[in-house]
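Okay, data.pdb is below, PDB, C-alpha atoms:
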```pdb
MODEL        1
ATOM      1  CA  MET A   1     -15.325 -13.649  -9.357
ATOM      2  CA  LYS A   2     -12.022 -12.313  -8.029
ATOM      3  CA  LYS A   3     -12.265  -9.226  -5.834
ATOM      4  CA  ILE A   4      -9.432  -7.200  -4.318
ATOM      5  CA  ALA A   5      -9.525  -5.031  -1.200
ATOM      6  CA  LEU A   6      -7.635  -1.736  -1.497
ATOM      7  CA  ILE A   7      -6.548   0.047   1.667
ATOM      8  CA  LEU A   8      -6.232   3.814   1.215
ATOM      9  CA  SER A   9      -4.653   6.302   3.608
ATOM     10  CA  GLY A  10      -6.025   9.658   2.518
ATOM     11  CA  CYS A  11      -5.733  11.671  -0.688
ATOM     12  CA  GLY A  12      -2.409  13.077  -1.823
ATOM     13  CA  VAL A  13       1.206  11.952  -1.807
ATOM     14  CA  TYR A  14       2.395  14.019   1.168
ATOM     15  CA  ASP A  15      -0.288  13.127   3.698
ATOM     16  CA  GLY A  16      -2.343  10.286   2.176
ATOM     17  CA  SER A  17      -2.441   7.756  -0.632
ATOM     18  CA  GLU A  18      -0.366   8.527  -3.728
ATOM     19  CA  ILE A  19      -3.083   9.237  -6.280
ATOM     20  CA  HIS A  20      -1.236   8.021  -9.385
ATOM     21  CA  GLU A  21      -0.246   4.750  -7.711
ATOM     22  CA  THR A  22      -3.775   4.161  -6.485
ATOM     23  CA  THR A  23      -5.469   4.929  -9.782
ATOM     24  CA  MET A  24      -2.933   2.952 -11.823
ATOM     25  CA  ALA A  25      -3.535  -0.038  -9.549
ATOM     26  CA  MET A  26      -7.283   0.384 -10.003
ATOM     27  CA  LEU A  27      -6.806   0.612 -13.768
ATOM     28  CA  ALA A  28      -4.654  -2.515 -13.836
ATOM     29  CA  LEU A  29      -7.312  -4.424 -11.908
ATOM     30  CA  SER A  30     -10.085  -3.167 -14.181
ATOM     31  CA  LYS A  31      -8.105  -4.084 -17.314
ATOM     32  CA  ASN A  32      -7.945  -7.625 -15.958
ATOM     33  CA  GLU A  33     -11.688  -7.578 -15.209
ATOM     34  CA  VAL A  34     -11.059  -7.856 -11.477
ATOM     35  CA  GLU A  35     -13.405  -6.101  -9.072
ATOM     36  CA  TYR A  36     -12.063  -4.062  -6.182
ATOM     37  CA  GLU A  37     -13.435  -2.357  -3.103
ATOM     38  CA  CYS A  38     -11.799   0.475  -1.166
ATOM     39  CA  PHE A  39     -11.363   0.797   2.586
ATOM     40  CA  ALA A  40      -9.685   3.301   4.892
ATOM     41  CA  PRO A  41      -9.408   3.992   8.626
ATOM     42  CA  ASN A  42     -12.178   6.212   9.949
ATOM     43  CA  LYS A  43      -9.965   8.501  12.010
ATOM     44  CA  GLU A  44      -8.110  11.794  11.800
ATOM     45  CA  GLN A  45      -5.009  11.784   9.617
ATOM     46  CA  TYR A  46      -1.684  12.682  11.235
ATOM     47  CA  HIS A  47      -1.569  16.132   9.655
ATOM     48  CA  VAL A  48      -2.572  17.995   6.502
ATOM     49  CA  ILE A  49      -0.015  19.141   3.935
ATOM     50  CA  ASN A  50      -0.502  21.962   1.457
ATOM     51  CA  HIS A  51       0.494  20.102  -1.714
ATOM     52  CA  LEU A  52       1.294  23.356  -3.501
ATOM     53  CA  ASN A  53       4.108  24.457  -1.175
ATOM     54  CA  GLY A  54       4.692  21.479   1.127
ATOM     55  CA  ASP A  55       3.748  23.330   4.318
ATOM     56  CA  VAL A  56       1.850  21.754   7.195
ATOM     57  CA  THR A  57      -1.519  23.479   7.636
ATOM     58  CA  ASN A  58      -3.741  23.963  10.687
ATOM     59  CA  GLU A  59      -6.507  21.820   9.164
ATOM     60  CA  LYS A  60      -7.791  18.510  10.438
ATOM     61  CA  ARG A  61      -9.039  15.891   8.001
ATOM     62  CA  ASN A  62     -10.471  12.398   8.274
ATOM     63  CA  ILE A  63      -8.615   9.603   6.457
ATOM     64  CA  LEU A  64     -11.800   7.859   5.302
ATOM     65  CA  VAL A  65     -13.387  11.101   4.082
ATOM     66  CA  GLU A  66     -10.252  12.117   2.183
ATOM     67  CA  SER A  67      -9.799   8.637   0.689
ATOM     68  CA  ALA A  68     -13.352   8.861  -0.621
ATOM     69  CA  ARG A  69     -12.095  11.496  -3.085
ATOM     70  CA  ILE A  70     -10.032   8.851  -4.896
ATOM     71  CA  ALA A  71     -12.654   6.148  -4.500
ATOM     72  CA  ARG A  72     -15.373   8.438  -5.911
ATOM     73  CA  GLY A  73     -17.325   7.987  -2.704
ATOM     74  CA  LYS A  74     -17.403   4.191  -2.879
ATOM     75  CA  ILE A  75     -15.398   3.329   0.213
ATOM     76  CA  LYS A  76     -15.950   1.749   3.619
ATOM     77  CA  ASP A  77     -14.504   1.941   7.106
ATOM     78  CA  ILE A  78     -11.559  -0.446   7.464
ATOM     79  CA  LYS A  79     -13.398  -2.141  10.330
ATOM     80  CA  GLU A  80     -15.962  -3.420   7.801
ATOM     81  CA  LEU A  81     -13.377  -5.318   5.759
ATOM     82  CA  GLN A  82     -14.101  -9.055   5.842
ATOM     83  CA  VAL A  83     -11.215 -11.127   4.490
ATOM     84  CA  SER A  84     -13.599 -13.891   3.427
ATOM     85  CA  GLY A  85     -15.119 -11.595   0.789
ATOM     86  CA  PHE A  86     -11.851 -10.960  -1.077
ATOM     87  CA  SER A  87      -9.225 -12.811  -3.083
ATOM     88  CA  GLY A  88      -6.348 -10.464  -2.236
ATOM     89  CA  LEU A  89      -5.211  -7.206  -0.640
ATOM     90  CA  LEU A  90      -3.471  -4.192  -2.216
ATOM     91  CA  LEU A  91      -1.862  -1.226  -0.458
ATOM     92  CA  PRO A  92      -0.791   1.772  -2.588
ATOM     93  CA  GLY A  93       2.000   4.019  -1.329
ATOM     94  CA  GLY A  94       2.161   7.688  -0.474
ATOM     95  CA  PHE A  95       3.192   9.222   2.842
ATOM     96  CA  GLY A  96      -0.205   8.244   4.233
ATOM     97  CA  ALA A  97       1.094   4.692   4.534
ATOM     98  CA  ALA A  98       3.991   6.008   6.610
ATOM     99  CA  LYS A  99       1.980   8.580   8.591
ATOM    100  CA  ASN A 100      -1.595   7.308   8.880
ATOM    101  CA  LEU A 101      -1.363   3.519   8.514
ATOM    102  CA  SER A 102       1.855   3.455  10.530
ATOM    103  CA  ASN A 103       4.238   5.912  12.172
ATOM    104  CA  TYR A 104       7.216   4.928  10.025
ATOM    105  CA  ALA A 105       7.753   8.518   8.842
ATOM    106  CA  PHE A 106       8.414   9.636  12.404
ATOM    107  CA  LYS A 107       9.789   6.624  14.258
ATOM    108  CA  ALA A 108      12.041   4.990  11.618
ATOM    109  CA  GLU A 109      13.289   1.621  12.908
ATOM    110  CA  ASP A 110      11.078   1.939  16.016
ATOM    111  CA  PHE A 111       7.891   2.321  13.976
ATOM    112  CA  THR A 112       4.649   0.474  14.571
ATOM    113  CA  VAL A 113       1.760  -0.368  12.247
ATOM    114  CA  ASP A 114      -1.812   0.668  13.046
ATOM    115  CA  GLU A 115      -3.455  -2.244  14.871
ATOM    116  CA  ASP A 116      -6.405  -2.550  12.482
ATOM    117  CA  ILE A 117      -4.091  -2.520   9.454
ATOM    118  CA  ALA A 118      -1.716  -5.050  11.004
ATOM    119  CA  ASN A 119      -4.591  -7.384  11.845
ATOM    120  CA  ILE A 120      -5.917  -7.220   8.279
ATOM    121  CA  ILE A 121      -2.492  -7.955   6.815
ATOM    122  CA  LYS A 122      -2.126 -10.920   9.167
ATOM    123  CA  ALA A 123      -5.621 -12.179   8.310
ATOM    124  CA  PHE A 124      -4.985 -12.159   4.549
ATOM    125  CA  HIS A 125      -1.646 -13.879   5.137
ATOM    126  CA  THR A 126      -3.212 -16.550   7.335
ATOM    127  CA  ALA A 127      -5.910 -17.122   4.711
ATOM    128  CA  ARG A 128      -3.177 -17.615   2.075
ATOM    129  CA  LYS A 129      -4.470 -14.737  -0.041
ATOM    130  CA  PRO A 130      -1.935 -12.584  -1.974
ATOM    131  CA  ILE A 131      -0.933  -9.155  -0.685
ATOM    132  CA  ALA A 132       0.517  -6.464  -2.963
ATOM    133  CA  ALA A 133       2.159  -3.280  -1.693
ATOM    134  CA  LEU A 134       3.518  -0.329  -3.669
ATOM    135  CA  CYS A 135       6.136   2.368  -3.047
ATOM    136  CA  ILE A 136       6.728   2.790   0.725
ATOM    137  CA  ALA A 137       3.831   0.512   1.756
ATOM    138  CA  PRO A 138       6.075  -2.600   1.696
ATOM    139  CA  VAL A 139       7.635  -1.439   4.978
ATOM    140  CA  LEU A 140       4.303  -2.246   6.639
ATOM    141  CA  ILE A 141       4.400  -5.760   5.212
ATOM    142  CA  ALA A 142       8.025  -6.110   6.335
ATOM    143  CA  LYS A 143       7.121  -5.114   9.887
ATOM    144  CA  VAL A 144       4.019  -7.281  10.200
ATOM    145  CA  LEU A 145       5.112 -10.399   8.318
ATOM    146  CA  GLY A 146       8.906 -10.241   8.021
ATOM    147  CA  ALA A 147       8.566 -11.072   4.332
ATOM    148  CA  ARG A 148      10.778 -10.578   1.280
ATOM    149  CA  VAL A 149      10.013  -7.157  -0.205
ATOM    150  CA  THR A 150      11.367  -4.288  -2.285
ATOM    151  CA  ILE A 151      11.108  -0.511  -1.998
ATOM    152  CA  GLY A 152      13.656  -0.029  -4.769
ATOM    153  CA  ASN A 153      17.165   0.647  -3.519
ATOM    154  CA  ASP A 154      17.039   3.411  -0.884
ATOM    155  CA  MET A 155      19.596   2.148   1.615
ATOM    156  CA  THR A 156      18.201   3.966   4.650
ATOM    157  CA  THR A 157      14.849   2.251   4.156
ATOM    158  CA  VAL A 158      16.515  -1.030   3.205
ATOM    159  CA  ASP A 159      18.435  -1.059   6.497
ATOM    160  CA  ILE A 160      15.232  -0.474   8.460
ATOM    161  CA  ILE A 161      13.458  -3.257   6.605
ATOM    162  CA  LYS A 162      16.295  -5.588   7.523
ATOM    163  CA  SER A 163      16.245  -4.384  11.138
ATOM    164  CA  VAL A 164      12.634  -5.540  11.576
ATOM    165  CA  GLY A 165      13.493  -9.052  10.424
ATOM    166  CA  ALA A 166      12.477  -8.844   6.769
ATOM    167  CA  THR A 167      14.478  -9.407   3.588
ATOM    168  CA  HIS A 168      14.996  -6.731   0.944
ATOM    169  CA  VAL A 169      15.805  -7.212  -2.732
ATOM    170  CA  ASN A 170      16.735  -4.279  -4.992
ATOM    171  CA  LYS A 171      14.390  -3.725  -7.939
ATOM    172  CA  GLU A 172      13.800  -1.066 -10.588
ATOM    173  CA  TYR A 173      10.569   0.907 -11.031
ATOM    174  CA  HIS A 174       9.093  -1.625 -13.466
ATOM    175  CA  GLU A 175      10.157  -4.709 -11.536
ATOM    176  CA  ILE A 176       8.491  -6.615  -8.734
ATOM    177  CA  ALA A 177       9.692  -8.704  -5.829
ATOM    178  CA  VAL A 178       7.616 -11.833  -5.295
ATOM    179  CA  ASP A 179       7.750 -13.753  -2.027
ATOM    180  CA  GLU A 180       6.023 -16.936  -3.137
ATOM    181  CA  LYS A 181       6.167 -18.499   0.316
ATOM    182  CA  ASN A 182       4.225 -15.619   1.876
ATOM    183  CA  LEU A 183       2.305 -14.612  -1.297
ATOM    184  CA  ILE A 184       3.667 -11.062  -1.150
ATOM    185  CA  ILE A 185       4.181  -8.836  -4.214
ATOM    186  CA  THR A 186       5.942  -5.470  -3.939
ATOM    187  CA  ASN A 187       6.997  -2.742  -6.383
ATOM    188  CA  PRO A 188       8.896   0.565  -5.864
ATOM    189  CA  CYS A 189       6.580   2.824  -7.929
ATOM    190  CA  TYR A 190       7.428   6.446  -7.064
ATOM    191  CA  MET A 191      10.347   5.409  -4.873
ATOM    192  CA  LEU A 192      12.095   5.216  -8.261
ATOM    193  CA  ALA A 193       9.631   6.136 -11.018
ATOM    194  CA  ASP A 194       9.906   9.525 -12.719
ATOM    195  CA  ASN A 195       6.418   9.727 -14.190
ATOM    196  CA  ILE A 196       2.940   8.210 -14.200
ATOM    197  CA  TYR A 197       3.721   5.911 -17.123
ATOM    198  CA  GLN A 198       6.553   4.299 -15.185
ATOM    199  CA  VAL A 199       4.219   3.956 -12.210
ATOM    200  CA  SER A 200       1.664   2.241 -14.435
ATOM    201  CA  LEU A 201       4.252  -0.361 -15.465
ATOM    202  CA  GLY A 202       4.983  -1.198 -11.847
ATOM    203  CA  ALA A 203       1.332  -1.324 -10.858
ATOM    204  CA  GLU A 204       0.462  -3.574 -13.798
ATOM    205  CA  ALA A 205       3.349  -5.905 -12.987
ATOM    206  CA  ALA A 206       2.240  -6.124  -9.355
ATOM    207  CA  VAL A 207      -1.378  -6.818 -10.242
ATOM    208  CA  GLY A 208      -0.352  -9.399 -12.857
ATOM    209  CA  ALA A 209       1.773 -11.230 -10.320
ATOM    210  CA  MET A 210      -1.020 -11.090  -7.754
ATOM    211  CA  LEU A 211      -3.449 -12.694 -10.201
ATOM    212  CA  GLY A 212      -0.835 -15.310 -10.992
ATOM    213  CA  LEU A 213      -0.488 -16.263  -7.338
ATOM    214  CA  MET A 214      -4.270 -16.574  -7.034
ATOM    215  CA  LYS A 215      -4.233 -19.367  -9.617
ATOM    216  CA  LYS A 216      -1.788 -21.487  -7.644
TER     217      LYS A 216
ENDMDL
END
```
Rewrite the structure from the file as structure tokens, please.
Amino acid sequence: MKKIALILSGCGVYDGSEIHETTMAMLALSKNEVEYECFAPNKEQYHVINHLNGDVTNEKRNILVESARIARGKIKDIKELQVSGFSGLLLPGGFGAAKNLSNYAFKAEDFTVDEDIANIIKAFHTARKPIAALCIAPVLIAKVLGARVTIGNDMTTVDIIKSVGATHVNKEYHEIAVDEKNLIITNPCYMLADNIYQVSLGAEAAVGAMLGLMKK
């Protein structure tokens, strides 16, 4: 039985995982009768954003606790993720990927990826198990693996991806970039999509390609 590990980064586009991207990825996996399990870092998120007005609040929230909202409580600490128990890895987007799983949102070309996240990405890569990343999450893959990815066509981000030794290819919201050598699948999702339906097309394409790579 195929089983995918999902890494979440909170709950909400501005300070955590993008909810539409995450749920559309979950739906695409379920439609293909593929099991998944959610994980997230058990630590405080960078900051909390009021999603109604975009302001930073004085609250403090835990990434794992917030991610549990999307996972309906069925989620584990990232430190419990064992690569041997999964056929692939999927990282949805949202600013949480750029704020909580890395510091890309604040450091740009000088950004680093959280050590636990980087080690997991490397472990799946070493095990020759496919990795899919959506929206802004491909920048983490670019940094850790120097792979061929897409985030759409935002030139500022494209230049940073190139600066860390990775290759970028422009794609539309419904298209994917597949690095067959490194078993990496990426899709722009809300970097380009205008609505949840367009996001669903990208997520389904990414999951389909991931399942295809598992058969090889």
Please enclose the listed atoms of stretch 40-47 of chain A in an axis-aligned box, pad each side by 6 Å, and write out the centre and the three edge lengths in Å, rounded to one decimal, as lines of an AutoDock Vina configuration file.
```
center_x = -6.9
center_y = 9.7
center_z = 8.5
size_x = 22.6
size_y = 24.8
size_z = 19.1
```
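You will find atom CA of A:His47 at 6.8 Å from atom CA of A:Asp15.
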Compile the contact shell of stretch 72-86 of chain A as an MDAnalysis selection string: residues with an atom at most 10 Å away, counting only C-alpha atoms, same-chain residues fewer than 5 positions apart removed. chainID A and resid 1:8 35:43 63:67 116:117 120:121 123:125 127 129
Please evaluate the PyMOL selection byres ((chain A and resi 202-211) around 9) against the displayed coordinates and give the resulting residues as a ChimeraX atom specification. /A:2,21-22,24-29,32,88,90,130-134,172-178,183-189,193,197-201,212-215
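What separates atom CA of A:Tyr190 from atom CA of A:Leu145 is a distance of 22.9 Å.
Proximity to A:Thr156 was assessed for A:Glu109, A:Glu115, A:Glu18, A:Asp179 counting only C-alpha atoms; the smallest distance is recorded for A:Glu109.
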For the provided coordinates, the residues matched by the PyMOL selection byres ((chain A and resi 108) around 12) should be stated as a list in words. Ala98, Lys99, Ser102, Asn103, Tyr104, Ala105, Phe106, Lys107, Glu109, Asp110, Phe111, Thr112, Val113, Val139, Leu140, Lys143, Thr156, Thr157, Val158, Asp159, Ile160, Ile161, Ser163 and Val164 of chain A
Who sits within 8 Å of A:Gly94, all atoms listed in the file, same chain under 3 positions skipped, as a PyMOL selection string: chain A and resi 12-19+97-98+135-137
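Between atom CA of A:Asn119 and atom CA of A:Glu59 there is a distance of 29.4 Å.
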Shell of 9 Å around A:Val169, only C-alpha atoms, local chain residues under 3 positions omitted, as JSON, numbers by chain: {"A": [148, 149, 150, 151, 152, 153, 158, 177]}
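Across A:Ala147, A:Ile196, A:Val48, A:Leu101, the tightest approach to A:Thr167 is made by A:Ala147 when counting all atoms listed in the file.
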